[in-house]
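run-v1.pdb follows (PDB, C-alpha atoms, pLDDT in the B column):
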```pdb
MODEL        1
ATOM      1  CA  MET A 203      68.501 103.618 105.160  1.00 79.00           C
ATOM      2  CA  MET A 204      67.031 107.049 104.437  1.00 81.00           C
ATOM      3  CA  SER A 205      66.740 108.166 100.815  1.00 89.00           C
ATOM      4  CA  ILE A 206      68.532 111.310  99.631  1.00 90.00           C
ATOM      5  CA  SER A 207      65.122 112.993  99.342  1.00 89.00           C
ATOM      6  CA  ASP A 208      64.299 112.121 102.971  1.00 90.00           C
ATOM      7  CA  GLN A 209      67.692 113.341 104.166  1.00 91.00           C
ATOM      8  CA  THR A 210      67.262 116.587 102.215  1.00 92.00           C
ATOM      9  CA  TYR A 211      63.775 117.078 103.678  1.00 90.00           C
ATOM     10  CA  ASP A 212      65.036 116.541 107.234  1.00 87.00           C
ATOM     11  CA  LEU A 213      67.987 118.878 106.718  1.00 89.00           C
ATOM     12  CA  LEU A 214      65.892 121.704 105.267  1.00 90.00           C
ATOM     13  CA  ARG A 215      63.163 121.254 107.869  1.00 84.00           C
ATOM     14  CA  GLN A 216      65.710 121.475 110.673  1.00 79.00           C
ATOM     15  CA  SER A 217      67.198 124.605 109.082  1.00 84.00           C
ATOM     16  CA  ILE A 218      63.744 126.227 109.079  1.00 81.00           C
ATOM     17  CA  VAL A 219      62.914 125.081 112.617  1.00 71.00           C
ATOM     18  CA  SER A 220      66.238 126.371 113.950  1.00 69.00           C
ATOM     19  CA  GLY A 221      65.800 129.739 112.257  1.00 72.00           C
ATOM     20  CA  GLU A 222      68.823 129.262 109.983  1.00 83.00           C
ATOM     21  CA  PHE A 223      66.412 130.061 107.150  1.00 85.00           C
ATOM     22  CA  SER A 224      64.232 133.004 108.133  1.00 81.00           C
ATOM     23  CA  ALA A 225      60.581 133.640 107.295  1.00 78.00           C
ATOM     24  CA  ASN A 226      60.026 134.705 103.678  1.00 86.00           C
ATOM     25  CA  GLU A 227      63.631 133.869 102.735  1.00 91.00           C
ATOM     26  CA  GLU A 228      64.072 132.640  99.166  1.00 92.00           C
ATOM     27  CA  LEU A 229      65.387 129.104  98.651  1.00 93.00           C
ATOM     28  CA  PRO A 230      66.829 129.118  95.094  1.00 92.00           C
ATOM     29  CA  GLU A 231      67.280 125.556  93.841  1.00 91.00           C
ATOM     30  CA  GLU A 232      70.757 126.101  92.384  1.00 91.00           C
ATOM     31  CA  LYS A 233      72.087 127.754  95.536  1.00 92.00           C
ATOM     32  CA  ILE A 234      70.498 125.276  97.978  1.00 92.00           C
ATOM     33  CA  SER A 235      71.481 122.191  95.961  1.00 92.00           C
ATOM     34  CA  LYS A 236      75.125 123.314  95.957  1.00 91.00           C
ATOM     35  CA  GLN A 237      74.976 124.319  99.607  1.00 90.00           C
ATOM     36  CA  ILE A 238      73.802 120.915 100.831  1.00 89.00           C
ATOM     37  CA  GLY A 239      75.397 118.823  98.083  1.00 92.00           C
ATOM     38  CA  VAL A 240      72.394 117.200  96.397  1.00 92.00           C
ATOM     39  CA  SER A 241      70.932 117.255  92.902  1.00 92.00           C
ATOM     40  CA  ARG A 242      67.796 119.209  92.101  1.00 91.00           C
ATOM     41  CA  THR A 243      65.492 116.163  91.891  1.00 92.00           C
ATOM     42  CA  PRO A 244      65.611 115.184  95.610  1.00 92.00           C
ATOM     43  CA  LEU A 245      65.649 118.889  96.496  1.00 94.00           C
ATOM     44  CA  ARG A 246      62.412 119.488  94.587  1.00 93.00           C
ATOM     45  CA  GLU A 247      60.779 116.506  96.275  1.00 94.00           C
ATOM     46  CA  ALA A 248      61.879 117.804  99.687  1.00 93.00           C
ATOM     47  CA  LEU A 249      60.506 121.271  98.904  1.00 94.00           C
ATOM     48  CA  ARG A 250      57.148 119.770  97.870  1.00 92.00           C
ATOM     49  CA  ARG A 251      56.954 117.935 101.193  1.00 90.00           C
ATOM     50  CA  LEU A 252      57.857 121.091 103.101  1.00 89.00           C
ATOM     51  CA  ALA A 253      55.123 122.938 101.196  1.00 88.00           C
ATOM     52  CA  ALA A 254      52.628 120.237 102.260  1.00 82.00           C
ATOM     53  CA  ASP A 255      53.770 120.844 105.870  1.00 76.00           C
ATOM     54  CA  GLY A 256      53.047 124.556 105.454  1.00 77.00           C
ATOM     55  CA  LEU A 257      56.703 125.470 105.965  1.00 83.00           C
ATOM     56  CA  VAL A 258      57.491 126.483 102.388  1.00 89.00           C
ATOM     57  CA  VAL A 259      55.538 128.361  99.719  1.00 90.00           C
ATOM     58  CA  LEU A 260      55.907 127.229  96.104  1.00 92.00           C
ATOM     59  CA  LYS A 261      54.990 129.457  93.149  1.00 90.00           C
ATOM     60  CA  LYS A 262      55.487 128.470  89.538  1.00 88.00           C
ATOM     61  CA  GLY A 263      58.445 130.223  87.943  1.00 89.00           C
ATOM     62  CA  LYS A 264      59.723 131.621  91.255  1.00 92.00           C
ATOM     63  CA  PRO A 265      62.095 130.293  93.924  1.00 92.00           C
ATOM     64  CA  ALA A 266      60.551 128.553  96.907  1.00 93.00           C
ATOM     65  CA  ARG A 267      60.218 130.753  99.987  1.00 92.00           C
ATOM     66  CA  VAL A 268      60.086 129.990 103.693  1.00 90.00           C
ATOM     67  CA  ALA A 269      56.463 130.508 104.753  1.00 83.00           C
ATOM     68  CA  THR A 270      55.263 133.386 106.906  1.00 78.00           C
ATOM     69  CA  PHE A 271      52.199 133.706 109.121  1.00 72.00           C
ATOM     70  CA  THR A 272      49.846 136.444 110.224  1.00 73.00           C
ATOM     71  CA  MET A 273      48.961 136.964 113.853  1.00 77.00           C
ATOM     72  CA  GLU A 274      45.275 137.394 113.015  1.00 81.00           C
ATOM     73  CA  GLY A 275      45.128 134.090 111.143  1.00 78.00           C
ATOM     74  CA  ALA A 276      46.937 132.267 113.936  1.00 80.00           C
ATOM     75  CA  LEU A 277      44.593 133.587 116.640  1.00 85.00           C
ATOM     76  CA  HIS A 278      41.524 132.695 114.562  1.00 87.00           C
ATOM     77  CA  LEU A 279      42.886 129.165 114.220  1.00 86.00           C
ATOM     78  CA  MET A 280      43.403 128.963 118.003  1.00 90.00           C
ATOM     79  CA  GLU A 281      39.809 130.066 118.554  1.00 94.00           C
ATOM     80  CA  VAL A 282      38.533 127.186 116.421  1.00 94.00           C
ATOM     81  CA  ARG A 283      40.885 124.719 118.109  1.00 94.00           C
ATOM     82  CA  THR A 284      39.589 125.790 121.531  1.00 96.00           C
ATOM     83  CA  LEU A 285      35.982 125.104 120.543  1.00 97.00           C
ATOM     84  CA  LEU A 286      36.749 121.703 119.014  1.00 97.00           C
ATOM     85  CA  GLU A 287      39.106 120.424 121.690  1.00 97.00           C
ATOM     86  CA  THR A 288      36.979 121.583 124.621  1.00 98.00           C
ATOM     87  CA  HIS A 289      33.989 119.767 123.121  1.00 98.00           C
ATOM     88  CA  ASN A 290      36.149 116.676 122.625  1.00 98.00           C
ATOM     89  CA  LEU A 291      37.256 116.634 126.278  1.00 98.00           C
ATOM     90  CA  ARG A 292      33.680 117.045 127.500  1.00 98.00           C
ATOM     91  CA  THR A 293      32.843 113.955 125.443  1.00 98.00           C
ATOM     92  CA  ILE A 294      35.772 111.671 126.225  1.00 98.00           C
ATOM     93  CA  THR A 295      36.640 112.520 129.843  1.00 97.00           C
ATOM     94  CA  PRO A 296      33.762 110.514 131.426  1.00 97.00           C
ATOM     95  CA  ILE A 297      34.559 107.468 129.256  1.00 97.00           C
ATOM     96  CA  ARG A 298      38.331 107.740 128.881  1.00 96.00           C
ATOM     97  CA  SER A 299      40.142 104.402 128.654  1.00 97.00           C
ATOM     98  CA  GLN A 300      43.177 103.380 130.688  1.00 97.00           C
ATOM     99  CA  ALA A 301      44.996 102.661 127.429  1.00 97.00           C
ATOM    100  CA  ALA A 302      44.559 106.292 126.356  1.00 97.00           C
ATOM    101  CA  ILE A 303      45.855 107.504 129.732  1.00 98.00           C
ATOM    102  CA  GLU A 304      48.969 105.346 129.412  1.00 98.00           C
ATOM    103  CA  GLN A 305      49.638 106.700 125.915  1.00 98.00           C
ATOM    104  CA  LEU A 306      49.226 110.263 127.148  1.00 98.00           C
ATOM    105  CA  ARG A 307      51.581 109.652 130.085  1.00 98.00           C
ATOM    106  CA  GLU A 308      54.238 108.264 127.747  1.00 98.00           C
ATOM    107  CA  ASN A 309      53.790 111.253 125.450  1.00 98.00           C
ATOM    108  CA  VAL A 310      54.275 113.726 128.317  1.00 98.00           C
ATOM    109  CA  ARG A 311      57.395 111.849 129.450  1.00 98.00           C
ATOM    110  CA  ASN A 312      58.785 112.179 125.938  1.00 98.00           C
ATOM    111  CA  GLN A 313      57.891 115.885 125.869  1.00 97.00           C
ATOM    112  CA  LYS A 314      59.991 116.417 128.999  1.00 97.00           C
ATOM    113  CA  LYS A 315      62.870 114.459 127.447  1.00 98.00           C
ATOM    114  CA  ALA A 316      62.717 116.548 124.257  1.00 96.00           C
ATOM    115  CA  ILE A 317      62.787 119.775 126.291  1.00 94.00           C
ATOM    116  CA  THR A 318      65.764 118.565 128.343  1.00 95.00           C
ATOM    117  CA  GLU A 319      67.600 117.737 125.110  1.00 95.00           C
ATOM    118  CA  GLU A 320      66.458 121.020 123.507  1.00 90.00           C
ATOM    119  CA  ASP A 321      64.991 118.999 120.639  1.00 89.00           C
ATOM    120  CA  TYR A 322      62.175 121.362 119.742  1.00 84.00           C
ATOM    121  CA  GLU A 323      61.432 119.683 116.434  1.00 79.00           C
ATOM    122  CA  ALA A 324      60.630 116.496 118.370  1.00 88.00           C
ATOM    123  CA  PHE A 325      58.636 118.528 120.887  1.00 90.00           C
ATOM    124  CA  VAL A 326      56.350 120.046 118.248  1.00 85.00           C
ATOM    125  CA  GLU A 327      55.551 116.549 116.954  1.00 87.00           C
ATOM    126  CA  LEU A 328      54.851 115.314 120.494  1.00 94.00           C
ATOM    127  CA  ASP A 329      52.691 118.395 121.146  1.00 93.00           C
ATOM    128  CA  ARG A 330      50.629 117.555 118.067  1.00 91.00           C
ATOM    129  CA  ASP A 331      50.401 113.877 119.055  1.00 95.00           C
ATOM    130  CA  PHE A 332      49.243 114.766 122.585  1.00 97.00           C
ATOM    131  CA  HIS A 333      46.199 116.595 121.250  1.00 96.00           C
ATOM    132  CA  LEU A 334      45.439 113.785 118.800  1.00 96.00           C
ATOM    133  CA  LEU A 335      45.738 111.140 121.533  1.00 97.00           C
ATOM    134  CA  LEU A 336      43.024 112.996 123.446  1.00 98.00           C
ATOM    135  CA  THR A 337      40.614 112.085 120.622  1.00 97.00           C
ATOM    136  CA  ASN A 338      41.293 108.329 120.754  1.00 96.00           C
ATOM    137  CA  ASP A 339      38.199 107.496 122.807  1.00 97.00           C
ATOM    138  CA  ASN A 340      35.905 109.700 120.709  1.00 97.00           C
ATOM    139  CA  GLU A 341      33.751 107.795 118.194  1.00 96.00           C
ATOM    140  CA  ASN A 342      32.976 110.949 116.191  1.00 97.00           C
ATOM    141  CA  LYS A 343      35.314 110.525 113.209  1.00 96.00           C
ATOM    142  CA  LYS A 344      34.410 113.923 111.735  1.00 96.00           C
ATOM    143  CA  LEU A 345      35.422 115.688 114.947  1.00 97.00           C
ATOM    144  CA  LYS A 346      38.654 113.677 115.119  1.00 95.00           C
ATOM    145  CA  ASP A 347      39.458 114.605 111.507  1.00 92.00           C
ATOM    146  CA  LEU A 348      38.858 118.300 112.219  1.00 92.00           C
ATOM    147  CA  ILE A 349      41.124 118.225 115.281  1.00 93.00           C
ATOM    148  CA  LEU A 350      43.787 116.456 113.210  1.00 89.00           C
ATOM    149  CA  GLN A 351      43.476 119.180 110.568  1.00 83.00           C
ATOM    150  CA  MET A 352      43.728 121.948 113.168  1.00 85.00           C
ATOM    151  CA  ASN A 353      46.880 120.374 114.637  1.00 83.00           C
ATOM    152  CA  SER A 354      48.602 119.799 111.301  1.00 74.00           C
ATOM    153  CA  GLY A 355      49.778 121.806 108.329  1.00 64.00           C
ATOM    154  CA  ASP A 356      49.292 125.504 108.955  1.00 61.00           C
ATOM    155  CA  TYR A 357      49.192 125.210 112.756  1.00 65.00           C
ATOM    156  CA  ARG A 358      52.448 123.281 113.046  1.00 64.00           C
ATOM    157  CA  ALA A 359      54.085 125.601 110.535  1.00 65.00           C
ATOM    158  CA  PHE A 360      52.851 128.596 112.511  1.00 66.00           C
ATOM    159  CA  ILE A 361      54.246 127.276 115.805  1.00 67.00           C
ATOM    160  CA  ILE A 362      57.599 126.508 114.176  1.00 65.00           C
ATOM    161  CA  LEU A 363      57.868 129.784 112.276  1.00 60.00           C
ATOM    162  CA  SER A 364      56.824 131.884 115.265  1.00 63.00           C
ATOM    163  CA  ASN A 365      60.119 130.899 116.954  1.00 65.00           C
ATOM    164  CA  THR A 366      58.455 130.584 120.369  1.00 67.00           C
ATOM    165  CA  LEU A 367      59.300 126.957 121.099  1.00 74.00           C
ATOM    166  CA  SER A 368      62.424 127.459 123.201  1.00 77.00           C
ATOM    167  CA  GLN A 369      60.533 129.888 125.456  1.00 78.00           C
ATOM    168  CA  SER A 370      57.163 128.135 125.554  1.00 87.00           C
ATOM    169  CA  ALA A 371      57.798 124.380 125.467  1.00 91.00           C
ATOM    170  CA  GLU A 372      58.204 123.877 129.226  1.00 93.00           C
ATOM    171  CA  ALA A 373      55.040 125.843 130.049  1.00 93.00           C
ATOM    172  CA  ALA A 374      53.094 123.968 127.359  1.00 94.00           C
ATOM    173  CA  CYS A 375      54.270 120.635 128.759  1.00 96.00           C
ATOM    174  CA  GLN A 376      53.105 121.600 132.267  1.00 97.00           C
ATOM    175  CA  GLU A 377      49.713 122.555 130.826  1.00 97.00           C
ATOM    176  CA  HIS A 378      49.514 119.220 129.006  1.00 98.00           C
ATOM    177  CA  GLU A 379      50.235 117.458 132.297  1.00 98.00           C
ATOM    178  CA  ALA A 380      47.369 119.358 133.981  1.00 98.00           C
ATOM    179  CA  ILE A 381      45.021 118.315 131.167  1.00 98.00           C
ATOM    180  CA  LEU A 382      46.131 114.693 131.553  1.00 98.00           C
ATOM    181  CA  GLU A 383      45.518 114.749 135.316  1.00 98.00           C
ATOM    182  CA  ALA A 384      42.000 116.131 134.850  1.00 98.00           C
ATOM    183  CA  VAL A 385      41.106 113.558 132.179  1.00 98.00           C
ATOM    184  CA  GLU A 386      42.562 110.735 134.270  1.00 98.00           C
ATOM    185  CA  ALA A 387      40.386 111.868 137.210  1.00 98.00           C
ATOM    186  CA  LYS A 388      37.344 111.929 134.885  1.00 98.00           C
ATOM    187  CA  ASP A 389      36.711 115.510 136.021  1.00 98.00           C
ATOM    188  CA  VAL A 390      34.842 117.011 133.060  1.00 98.00           C
ATOM    189  CA  GLU A 391      34.738 120.595 134.318  1.00 98.00           C
ATOM    190  CA  ARG A 392      38.432 120.634 135.244  1.00 98.00           C
ATOM    191  CA  ALA A 393      39.394 119.038 131.932  1.00 98.00           C
ATOM    192  CA  SER A 394      37.406 121.660 130.022  1.00 98.00           C
ATOM    193  CA  ALA A 395      38.907 124.486 132.066  1.00 98.00           C
ATOM    194  CA  THR A 396      42.489 123.231 131.641  1.00 98.00           C
ATOM    195  CA  ILE A 397      42.238 122.849 127.855  1.00 98.00           C
ATOM    196  CA  GLU A 398      40.669 126.314 127.536  1.00 98.00           C
ATOM    197  CA  LEU A 399      43.405 127.812 129.722  1.00 98.00           C
ATOM    198  CA  HIS A 400      46.077 126.022 127.706  1.00 96.00           C
ATOM    199  CA  MET A 401      44.741 127.420 124.419  1.00 95.00           C
ATOM    200  CA  LYS A 402      44.497 130.909 125.924  1.00 95.00           C
ATOM    201  CA  LYS A 403      48.078 130.728 127.187  1.00 93.00           C
ATOM    202  CA  VAL A 404      49.382 129.491 123.830  1.00 88.00           C
ATOM    203  CA  SER A 405      47.733 132.489 122.147  1.00 87.00           C
ATOM    204  CA  THR A 406      49.117 134.860 124.811  1.00 88.00           C
ATOM    205  CA  ARG A 407      52.655 133.500 124.523  1.00 83.00           C
ATOM    206  CA  ILE A 408      52.656 133.831 120.758  1.00 74.00           C
ATOM    207  CA  THR A 409      51.346 137.398 120.967  1.00 78.00           C
ATOM    208  CA  GLN A 410      53.969 138.360 123.583  1.00 76.00           C
ATOM    209  CA  TYR A 411      56.892 136.815 121.736  1.00 59.00           C
ATOM    210  CA  GLN A 412      55.915 138.456 118.471  1.00 57.00           C
ATOM    211  CA  SER A 413      55.364 141.937 119.921  1.00 52.00           C
TER     212      SER A 413
ENDMDL
END
```

What would you get if you wrote out this structure as structure tokens?
Amino acid sequence: MMSISDQTYDLLRQSIVSGEFSANEELPEEKISKQIGVSRTPLREALRRLAADGLVVLKKGKPARVATFTMEGALHLMEVRTLLETHNLRTITPIRSQAAIEQLRENVRNQKKAITEEDYEAFVELDRDFHLLLTNDNENKKLKDLILQMNSGDYRAFIILSNTLSQSAEAACQEHEAILEAVEAKDVERASATIELHMKKVSTRITQYQS
């Protein structure tokens, strides 16, 4: 059974993901606790977890706020992700394991299911997991940690807060499938090209939807 803190976290996270709470909106404890019917203790714990996710900004003596993002910062992050993940695919594609391929296939199937059900919160988690699964056959722990960092925290918050998921999820899933096919075929050049194209298209979609 979920704790009150966990339930509060899930409820607030869904409200942010759905756009019910807009970017930079204040989340006063008294108002929110009454609105969702919980005491301030589980609410504060939920807000701390949301801050760790990059979805909420906490400042001492001030109400929590829904996080915002800058286009410049997001595009710089995508540039770094492209470098790291292209290098990873060049390393793992020739040696990829069948176990990794099966995990990636299952992930893509679940992405399609999430899109069909319009469960974009689930999709963003599956998107993150897809890119992490691509590192499974890489023995370079430092590289894996960096890719994990790039696909967590600020990046996930940015994707959620940019409100592009409903428009971009299907295209992203198709791009993931192309990456999977190239890795499965052990085609290093195609794998590198597909991941670079995917990153470029993510950046383009975000720029278009925010213009």

Hey, could you make a per-residue contact list for range 230-341 of chain A against range 381-404 of chain A with 6 Å as the cut-off, showing the nearest pair of atoms and its distance in Å to one decimal, counting all atoms listed in the file, sorted by chain and number, as a tab-separated table?
```
residue	atom	partner	partner_atom	distance
A:Thr288	CA	A:Ser394	CA	5.4
A:Arg292	CA	A:Val390	CA	5.7
A:Thr295	CA	A:Lys388	CA	5.1
A:Pro296	CA	A:Lys388	CA	5.2
```

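Among the candidate residues A:Gln313, A:Gln351, A:Ser370, A:Ser217, the one lying nearest to Leu334 in chain A is A:Gln351, with distances computed using only C-alpha atoms.
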
Find the residue from A:Asp255, A:Glu274, A:Asp329, A:Glu287 that sits nearest to Ser354 in chain A; use only C-alpha atoms when measuring.
-> A:Asp255

In Å, with one decimal, what is the gap from CA of Ser207 in chain A to CA of Ala316 in chain A?
->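 Taking CA of Ser207 in chain A as the start and CA of Ala316 in chain A as the end point, the length is 25.3 Å.
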
Nearest residue to Ala301 in chain A from the set A:Leu336, A:Ala324, A:Ile317, A:Ile206 (distances using only C-alpha atoms) = A:Leu336

Carefully work through the PyMOL selection byres ((chain A and resi 371) around 12) for this structure and note down the residues it includes, as number ranges by chain.
-> A: 310, 313-329, 361-362, 365-370, 372-378, 403-404, 407-408

What is the CA of Leu279 in chain A to CA of Ser405 in chain A distance in Å?
-> 9.9 Å

Which of these residues is nearest to Asp347 in chain A, using all atoms listed in the file: A:Ala269, A:Leu213, A:Leu286, A:Val259?
->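 The closest residue to Asp347 in chain A is A:Leu286.
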
Can you work out the spacing between CA of Ala225 in chain A and CA of Lys264 in chain A in Å, to one decimal?
->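 Distance between the two atoms: 16.2 Å.
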
Within 9 Å of Lys346 in chain A using all atoms listed in the file, minus same-chain residues under 5 positions, as a count of residues only | 7

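Shortest atom-to-atom contact with Glu308 in chain A among A:Ile294, A:Leu335, A:Leu345, A:Val282: A:Leu335, counting only C-alpha atoms.
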
Which is closest to Arg242 in chain A among A:Val268, A:Thr210, A:Ala380, A:Asp339, if we use all atoms listed in the file?
->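 Once distances to Arg242 in chain A are computed over all atoms listed in the file, the minimum belongs to A:Thr210.
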
Taking the partial coordinates given, rebuild range 264-287 of chain A to contain N, CA and C atoms; return it as a short mmCIF file (atom, residue, chain, number, x, y, z; two decimals), in the coordinates of the input.
```cif
data_model
loop_
_atom_site.label_atom_id
_atom_site.label_comp_id
_atom_site.auth_asym_id
_atom_site.auth_seq_id
_atom_site.Cartn_x
_atom_site.Cartn_y
_atom_site.Cartn_z
N LYS A 264 59.02 130.84 90.24
CA LYS A 264 59.72 131.62 91.26
C LYS A 264 60.39 130.68 92.25
N PRO A 265 61.46 131.15 92.91
CA PRO A 265 62.10 130.29 93.92
C PRO A 265 61.14 130.01 95.08
N ALA A 266 61.31 128.85 95.68
CA ALA A 266 60.55 128.55 96.91
C ALA A 266 60.92 129.58 97.98
N ARG A 267 59.97 129.84 98.88
CA ARG A 267 60.22 130.75 99.99
C ARG A 267 59.81 130.08 101.29
N VAL A 268 60.51 130.41 102.36
CA VAL A 268 60.09 129.99 103.69
C VAL A 268 58.77 130.70 103.99
N ALA A 269 57.79 129.95 104.51
CA ALA A 269 56.46 130.51 104.75
C ALA A 269 56.48 131.57 105.85
N THR A 270 55.49 132.41 105.84
CA THR A 270 55.26 133.39 106.91
C THR A 270 53.87 133.15 107.49
N PHE A 271 53.54 133.83 108.55
CA PHE A 271 52.20 133.71 109.12
C PHE A 271 51.71 135.07 109.57
N THR A 272 50.41 135.21 109.69
CA THR A 272 49.85 136.44 110.22
C THR A 272 49.30 136.17 111.62
N MET A 273 49.44 137.11 112.49
CA MET A 273 48.96 136.96 113.85
C MET A 273 47.45 136.75 113.87
N GLU A 274 46.73 137.51 113.05
CA GLU A 274 45.28 137.39 113.02
C GLU A 274 44.85 135.98 112.64
N GLY A 275 45.48 135.44 111.59
CA GLY A 275 45.13 134.09 111.14
C GLY A 275 45.42 133.05 112.21
N ALA A 276 46.55 133.21 112.89
CA ALA A 276 46.94 132.27 113.94
C ALA A 276 45.94 132.30 115.10
N LEU A 277 45.52 133.47 115.51
CA LEU A 277 44.59 133.59 116.64
C LEU A 277 43.20 133.07 116.26
N HIS A 278 42.80 133.26 115.02
CA HIS A 278 41.52 132.70 114.56
C HIS A 278 41.58 131.17 114.60
N LEU A 279 42.71 130.62 114.19
CA LEU A 279 42.89 129.16 114.22
C LEU A 279 42.81 128.65 115.66
N MET A 280 43.44 129.37 116.60
CA MET A 280 43.40 128.96 118.00
C MET A 280 41.99 129.01 118.56
N GLU A 281 41.20 129.97 118.11
CA GLU A 281 39.81 130.07 118.55
C GLU A 281 39.02 128.82 118.14
N VAL A 282 39.23 128.38 116.91
CA VAL A 282 38.53 127.19 116.42
C VAL A 282 39.02 125.94 117.15
N ARG A 283 40.34 125.85 117.37
CA ARG A 283 40.88 124.72 118.11
C ARG A 283 40.28 124.63 119.51
N THR A 284 40.13 125.77 120.17
CA THR A 284 39.59 125.79 121.53
C THR A 284 38.18 125.20 121.56
N LEU A 285 37.35 125.61 120.61
CA LEU A 285 35.98 125.10 120.54
C LEU A 285 35.96 123.59 120.32
N LEU A 286 36.74 123.12 119.36
CA LEU A 286 36.75 121.70 119.01
C LEU A 286 37.30 120.84 120.14
N GLU A 287 38.44 121.27 120.71
CA GLU A 287 39.11 120.42 121.69
C GLU A 287 38.42 120.44 123.05
#
```
